[in-house]
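Participant: Let me begin by handing over the structure; questions about it come next.
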Amino acid sequence: MHRFGFEVKLEDGSGRARAGRFATPHGIVQTPAFMAVGTLASVKSLDPDDLRAMGAEMILANAYHLHLRPGDELVRALGGLHRFMAWDGPILTDSGGFQVFSLATLRSVDEDGVEFRSHLDGSRRRFTPESVMRIERNLGADVIMQFDHVIPGQSDEATARDASERSLRWLVRCRDEFERIGSEGVASGGPPPNNNVTARFVDSIIEAPPPSPFPPPQALFPIVQGGIHEHLRREAASTIRDLHDWLGFGIGGLSVGEAKPDMYRILDVLDDALPRTHPRYLMGVGFPEDLVEGVRRGVDLFDCVAPTRMGRNGTAFTSDGRLNIKRAEFKDDARPIEQDCDCAACKRFSRAYIRHLFLADEILGLRLLSLHNVHFLVSLMRRAREAILRGELASWSDAWLARYHSRPTISA
Ligand SMILES: [Zn+2]
């Protein structure tokens, strides 16, 4: 039987940060960890070998996008997402809630679900908690997220309450459909699923789980919503904990337009409201300073498209803030993007060369910056983990943040 588990190896003595290990059917993730985003089953411009070389352990894909193209049933027929994209490590799929509410047009929300038009061809579609569970089952990621109602970050209390309570009702339906699929194997097409779908949470980690048959056991994570309203967040967390013995918890609806102090305040609230024994995943948050602030508040997993999106736009993360490689000051700069970075870009290429690639529209340029940026966040979390294990997270993160903010960001 393939199992999920989470063990906290050490909690930092001076704060709430913890170093842990999250076991999945496709391997163990050392936490805190940044998950690179492969929206369309591809971390843009990066090969799975690049990701392994930089030490990435878990990646993310998106149910909305893969449902529209190439179709989740096709992915299932080809052996599931792991085989389809040649990544044999842990994968998480986002449910598509965020995309339906941000990308799709003509959406109408009712209690049953959301009707929208595809951003690709305008075709009319409908997502319900049940249909999204079947899509995520077909894709076959290790961790799947509930379908939720996502709202802008500065929404008022009434709007946030309405969306949060709907998300909780949808969570019940996700849970029921997830369990029904597991016992009956109703997901359409493909090989018959095994019956060990409902994974079991164990207190200690099993080493080297055997390769999983498809579809593998999956863990369904609920998502805590509630906007920037502390009492709504507490209520949602409490209700969610009463609904099921979850394997982990998603924190949604942050980094969607609210002020950073509001995000940090809500994370403080949720650190107390969520069990310390289970992994916490802060969804869609991936700027370096937010990762460090999140780790200080007990977050274990992060994801964001920022490193690859900004890389394609010519922006690099460095320990001294962001850097726009296209600026004239780098024209003859022989230094790497970051002096002590051991990524495949910084070990070989100068700022001047990468700037030249961008100005000449050479695709290697955006690939090198994407590679550096993902490597930057993956290794940032590795260094945070090491600091926690040394019992020095507070001083390490103070120094890191001071340096990162010490210089105005030089991004166009
Ligand atoms: Zn680098």
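Chain identifiers are assigned as A, B, and so on, following the order in which chains appear in the structure tokens; residues are numbered from 1 within each chain, and ligands are numbered from 1 in order of appearance.
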Could the residues that lie within 7 Å of ligand 1, counting only C-alpha atoms and all ligand atoms, be listed as a compact mmCIF listing (two decimals) with C-alpha atoms, in the first residue's frame?
Facilitator:
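Full text of selection.txt as output:
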# COMPACT_ATOMS: atom_id res chain seq x y z
CA ILE A 337 23.69 36.84 -12.83
CA GLU A 338 24.52 35.98 -9.23
CA CYS A 341 24.89 30.76 -7.68
CA ASP A 342 25.69 27.24 -8.85
CA CYS A 343 22.91 26.99 -11.45
CA ALA A 344 23.70 25.91 -14.99
CA ALA A 345 23.31 29.50 -16.23
CA CYS A 346 25.51 31.23 -13.66
CA HIS A 372 18.26 30.55 -12.78
CA HIS A 375 16.93 27.29 -9.13
CA PHE A 376 17.02 30.43 -6.98
Participant: Using DSSP assignments from the backbone, pull out every residue in stretch 73-177 of chain A that falls under strand (DSSP E) and give it to me as a list in words.
Facilitator: Ile91, Leu92, Thr93, Asp94, Thr105, Leu106, Arg107, Ser108, Val109, Val114, Glu115, Phe116, Arg117, Arg124, Arg125, Arg126, Phe127, Val143, Ile144 and Met145 of chain A
Participant: Mind checking which residues fall within 8 Å of A:Ala141, counting only C-alpha atoms, ignoring those fewer than 5 positions away in the same chain, and posting them as a list in words?
Facilitator: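 In the requested form, the answer reads Gly80, Leu81, His82, Pro90, Ile91, Leu92, Thr93, Glu136, Pro216 and Gln218 of chain A.
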Participant: Would you put the residues from that selection into a file with all heavy atoms, as a tab-separated table (two decimals), in the first residue's frame?
Facilitator:
chain	number	residue	atom	x	y	z
A	80	GLY	N	-1.22	8.78	-17.68
A	80	GLY	CA	-1.22	9.76	-16.59
A	80	GLY	C	-0.12	10.80	-16.76
A	80	GLY	O	0.78	10.68	-17.59
A	81	LEU	N	-0.24	11.82	-15.93
A	81	LEU	CA	0.62	12.99	-16.04
A	81	LEU	C	2.10	12.67	-15.85
A	81	LEU	O	2.96	13.19	-16.57
A	81	LEU	CB	0.17	14.01	-14.98
A	81	LEU	CG	0.45	15.49	-15.16
A	81	LEU	CD1	0.18	15.95	-16.58
A	81	LEU	CD2	-0.40	16.26	-14.16
A	82	HIS	N	2.42	11.79	-14.91
A	82	HIS	CA	3.84	11.48	-14.67
A	82	HIS	C	4.50	10.95	-15.93
A	82	HIS	O	5.58	11.38	-16.31
A	82	HIS	CB	3.98	10.46	-13.53
A	82	HIS	CG	3.56	10.98	-12.19
A	82	HIS	ND1	2.26	10.90	-11.75
A	82	HIS	CD2	4.25	11.57	-11.20
A	82	HIS	CE1	2.17	11.43	-10.53
A	82	HIS	NE2	3.37	11.84	-10.17
A	90	PRO	N	6.98	13.57	-7.34
A	90	PRO	CA	5.64	14.00	-6.93
A	90	PRO	C	5.11	15.16	-7.78
A	90	PRO	O	5.87	16.05	-8.17
A	90	PRO	CB	5.84	14.45	-5.48
A	90	PRO	CG	7.11	13.80	-5.04
A	90	PRO	CD	7.96	13.66	-6.25
A	91	ILE	N	3.81	15.12	-8.05
A	91	ILE	CA	3.13	16.20	-8.76
A	91	ILE	C	1.88	16.59	-7.97
A	91	ILE	O	1.22	15.74	-7.36
A	91	ILE	CB	2.69	15.75	-10.18
A	91	ILE	CG1	3.89	15.28	-11.02
A	91	ILE	CG2	1.97	16.89	-10.92
A	91	ILE	CD1	3.49	14.76	-12.41
A	92	LEU	N	1.57	17.88	-8.01
A	92	LEU	CA	0.32	18.40	-7.45
A	92	LEU	C	-0.45	19.05	-8.59
A	92	LEU	O	0.15	19.73	-9.43
A	92	LEU	CB	0.64	19.42	-6.35
A	92	LEU	CG	-0.53	20.13	-5.64
A	92	LEU	CD1	-0.13	20.43	-4.18
A	92	LEU	CD2	-0.92	21.43	-6.33
A	93	THR	N	-1.77	18.84	-8.65
A	93	THR	CA	-2.56	19.62	-9.61
A	93	THR	C	-3.47	20.60	-8.87
A	93	THR	O	-4.14	20.24	-7.91
A	93	THR	CB	-3.45	18.74	-10.52
A	93	THR	OG1	-4.13	17.75	-9.76
A	93	THR	CG2	-2.64	18.09	-11.62
A	136	GLU	N	-9.09	15.74	-12.18
A	136	GLU	CA	-7.83	15.57	-11.45
A	136	GLU	C	-7.48	14.09	-11.25
A	136	GLU	O	-6.31	13.71	-11.19
A	136	GLU	CB	-7.89	16.31	-10.11
A	136	GLU	CG	-7.97	17.82	-10.29
A	136	GLU	CD	-7.67	18.59	-9.01
A	136	GLU	OE1	-6.49	18.87	-8.76
A	136	GLU	OE2	-8.62	18.91	-8.27
A	216	PRO	N	-2.36	6.38	-9.39
A	216	PRO	CA	-1.80	6.17	-8.06
A	216	PRO	C	-2.79	6.61	-6.99
A	216	PRO	O	-3.77	7.29	-7.29
A	216	PRO	CB	-0.59	7.11	-8.06
A	216	PRO	CG	-1.02	8.23	-8.95
A	216	PRO	CD	-1.87	7.60	-10.02
A	218	GLN	N	-4.16	9.06	-4.37
A	218	GLN	CA	-4.07	10.51	-4.38
A	218	GLN	C	-4.48	11.08	-3.03
A	218	GLN	O	-5.27	10.48	-2.32
A	218	GLN	CB	-4.99	11.10	-5.45
A	218	GLN	CG	-4.59	10.74	-6.87
A	218	GLN	CD	-5.52	11.35	-7.90
A	218	GLN	OE1	-6.72	11.09	-7.88
A	218	GLN	NE2	-4.98	12.15	-8.80
Participant: Show me, as CSV, the residues of stretch 347-399 of chain A having an atom within 10 Å of stretch 287-294 of chain A, each with the closest atom pair and its distance in Å, using only C-alpha atoms.
Facilitator:
residue,atom,partner,partner_atom,distance
A:Asn373,CA,A:Pro288,CA,9.8
A:Phe376,CA,A:Pro288,CA,8.5
A:Leu377,CA,A:Pro288,CA,6.6
A:Leu380,CA,A:Pro288,CA,7.8
A:Met381,CA,A:Leu291,CA,7.8
A:Ala384,CA,A:Val292,CA,7.6
A:Leu393,CA,A:Val292,CA,9.6
A:Trp396,CA,A:Val292,CA,10.0
A:Ser397,CA,A:Val292,CA,6.7
A:Asp398,CA,A:Val292,CA,9.4
Participant: Near A:Arg21, within 10 Å and counting only C-alpha atoms, which residues show up once chain neighbours fewer than 5 positions away are dropped, as a list in words?
Facilitator: Gly5, Phe6, Glu7, Val8, Lys9, Ile28, Val29, Gln30, Thr31, Pro32, Ala33, Ser204, Ile205, Pro279 and Asp300 of chain A
Participant: Near A:Val114, counting only C-alpha atoms, which residues have an atom at most 10 Å away, once you skip same-chain residues fewer than 3 positions from it, shown as a list in words?
Facilitator: Gly97, Val100, Phe101, Leu106, Arg107, Ser108, Val109, Asp110, Glu111, Arg125, Arg126, Phe127, Thr128, Pro129 and His149 of chain A
Participant: Save the residues we just selected, C-alpha atoms, as a short mmCIF file (atom, residue, chain, number, x, y, z; two decimals), in the first residue's frame?
Facilitator:
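And here's again.cif as it stands now:
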data_model
loop_
_atom_site.label_atom_id
_atom_site.label_comp_id
_atom_site.auth_asym_id
_atom_site.auth_seq_id
_atom_site.Cartn_x
_atom_site.Cartn_y
_atom_site.Cartn_z
CA GLY A 97 -10.65 27.42 -9.45
CA VAL A 100 -11.86 29.81 -13.98
CA PHE A 101 -12.20 33.00 -11.96
CA LEU A 106 -18.54 34.94 -19.19
CA ARG A 107 -18.48 32.96 -15.99
CA SER A 108 -21.58 32.55 -13.91
CA VAL A 109 -21.41 31.05 -10.46
CA ASP A 110 -24.27 29.16 -8.90
CA GLU A 111 -24.45 26.66 -6.12
CA ARG A 125 -17.85 24.76 -20.28
CA ARG A 126 -19.04 23.91 -16.82
CA PHE A 127 -16.97 22.95 -13.80
CA THR A 128 -18.55 21.42 -10.72
CA PRO A 129 -16.78 20.00 -7.68
CA HIS A 149 -14.53 29.86 -5.32
#
Participant: Run DSSP on the backbone and tell me which residues of stretch 58-300 of chain A come out as alpha helix (DSSP H); list them as a PyMOL selection string.
Facilitator: chain A and resi 63-68+72-77+81-84+97-102+129-139+157-184+230-243+260-273+288-296
Participant: When you look at stretch 267-273 of chain A with a cut-off of 10 Å (counting only C-alpha atoms), what residues show up, excluding the ones that are within fewer than 4 positions of it in the same chain? I need them as an mmCIF file with C-alpha atoms, in the first residue's frame.
Facilitator:
data_model
loop_
_atom_site.group_PDB
_atom_site.id
_atom_site.type_symbol
_atom_site.label_atom_id
_atom_site.label_comp_id
_atom_site.auth_asym_id
_atom_site.auth_seq_id
_atom_site.Cartn_x
_atom_site.Cartn_y
_atom_site.Cartn_z
ATOM 1 C CA ARG A 16 7.137 28.543 14.080
ATOM 2 C CA ALA A 17 9.131 27.444 11.050
ATOM 3 C CA VAL A 224 -8.804 27.532 3.356
ATOM 4 C CA ILE A 228 -8.116 39.030 4.544
ATOM 5 C CA HIS A 229 -10.732 38.563 7.259
ATOM 6 C CA GLU A 230 -9.258 36.763 10.243
ATOM 7 C CA HIS A 231 -12.510 35.420 11.694
ATOM 8 C CA ARG A 233 -10.145 32.241 8.020
ATOM 9 C CA ARG A 234 -10.481 30.788 11.532
ATOM 10 C CA GLU A 235 -14.023 29.609 10.819
ATOM 11 C CA ALA A 236 -13.008 28.008 7.516
ATOM 12 C CA ALA A 237 -10.035 26.220 9.070
ATOM 13 C CA SER A 238 -12.173 24.906 11.898
ATOM 14 C CA ARG A 241 -10.790 20.168 10.133
ATOM 15 C CA ILE A 251 -4.087 28.133 1.895
ATOM 16 C CA LEU A 254 -3.521 35.182 -0.898
ATOM 17 C CA PRO A 261 1.103 42.910 5.587
ATOM 18 C CA ASP A 262 -2.427 41.508 5.184
ATOM 19 C CA MET A 263 -1.052 38.284 3.740
ATOM 20 C CA ARG A 280 0.547 23.491 4.717
ATOM 21 C CA LEU A 282 0.474 28.397 0.383
ATOM 22 C CA GLU A 293 8.121 35.297 5.334
ATOM 23 C CA GLY A 294 5.903 32.230 4.780
ATOM 24 C CA VAL A 295 8.505 29.828 6.148
ATOM 25 C CA ARG A 296 8.752 32.018 9.264
ATOM 26 C CA ARG A 297 5.002 31.497 9.686
ATOM 27 C CA GLY A 298 4.959 27.717 9.401
ATOM 28 C CA VAL A 299 4.305 27.214 5.665
#
Participant: Given only C-alpha atoms as the basis, pick out the residue of A:Ile240, A:Glu130, A:Gly257, A:Asp303 nearest to A:Leu274.
Facilitator: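 Selected residue with least distance to A:Leu274: A:Ile240.
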